[in-house]
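Colleague: Following this message is one structure expressed as structure tokens.
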Amino acid sequence: MNHFPPAELAREFAQAALDAEVREDDYLWIARTALLVQAIKKAGGNQSKAARILGIHRNLLARRLKRFKLEAVVREVKRLQELPLFPAKKRSESESRVGVRKAG
């Protein structure tokens with residue numbers, strides 16, 4: 001995951017807003033949403049850690065997640081964290097028997 005310093009991120013959004021002629025309200029929504037999602041991803045879905053990253057209270061983060069309808073993002077990040085990196089390989093019946101070697 002790329003980590004952008006806030007000033008660099010703000011410049012990128014400002015340039016994108018000028019290029020696309022985005023209204024100021026939309027620009028602020030996009031910037032806030034991006035920062036919230038980035039913090040949630042960096043914290044692995046943990047809202048307390050994400051709030052610390054953003055320097056805000058956990059309750060304020062929860063209200064913002066609800067207002068920007070990002071609760072599903074938190075659930076998805078947590079779900080992805082629980083997935084194994086290397087899923088178990090299915091064994092054939094002959095491999096699962098103890099003490100039986102394949103003829104080769």
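Chain labels A, B, ... are given in the sequence in which chains occur in the structure tokens; within each chain residues are numbered consecutively from 1, and ligands are likewise numbered from 1 in the order shown.
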List the neighbours of region 37-44 of chain A out to 8 Å using only C-alpha atoms; skip same-chain residues closer than 5 positions along the sequence, and give me the result as a list in words.
Modeller: Met1, Lys49, Ala50, Ala51, Ile53, Leu54, Leu70, Val73, Val74, Val77, Lys78 and Gln81 of chain A
Colleague: Which residues, written as number ranges by chain, have at least one atom at most 12 Å from Phe68 (chain A), with only C-alpha atoms counted and residues fewer than 5 positions away on the same chain left out?
Modeller: A: 28-37, 61-63, 73
Colleague: Interatomic distance between CA of Arg52 (chain A) and CA of Asp26 (chain A)?
Modeller: 25.6 Å
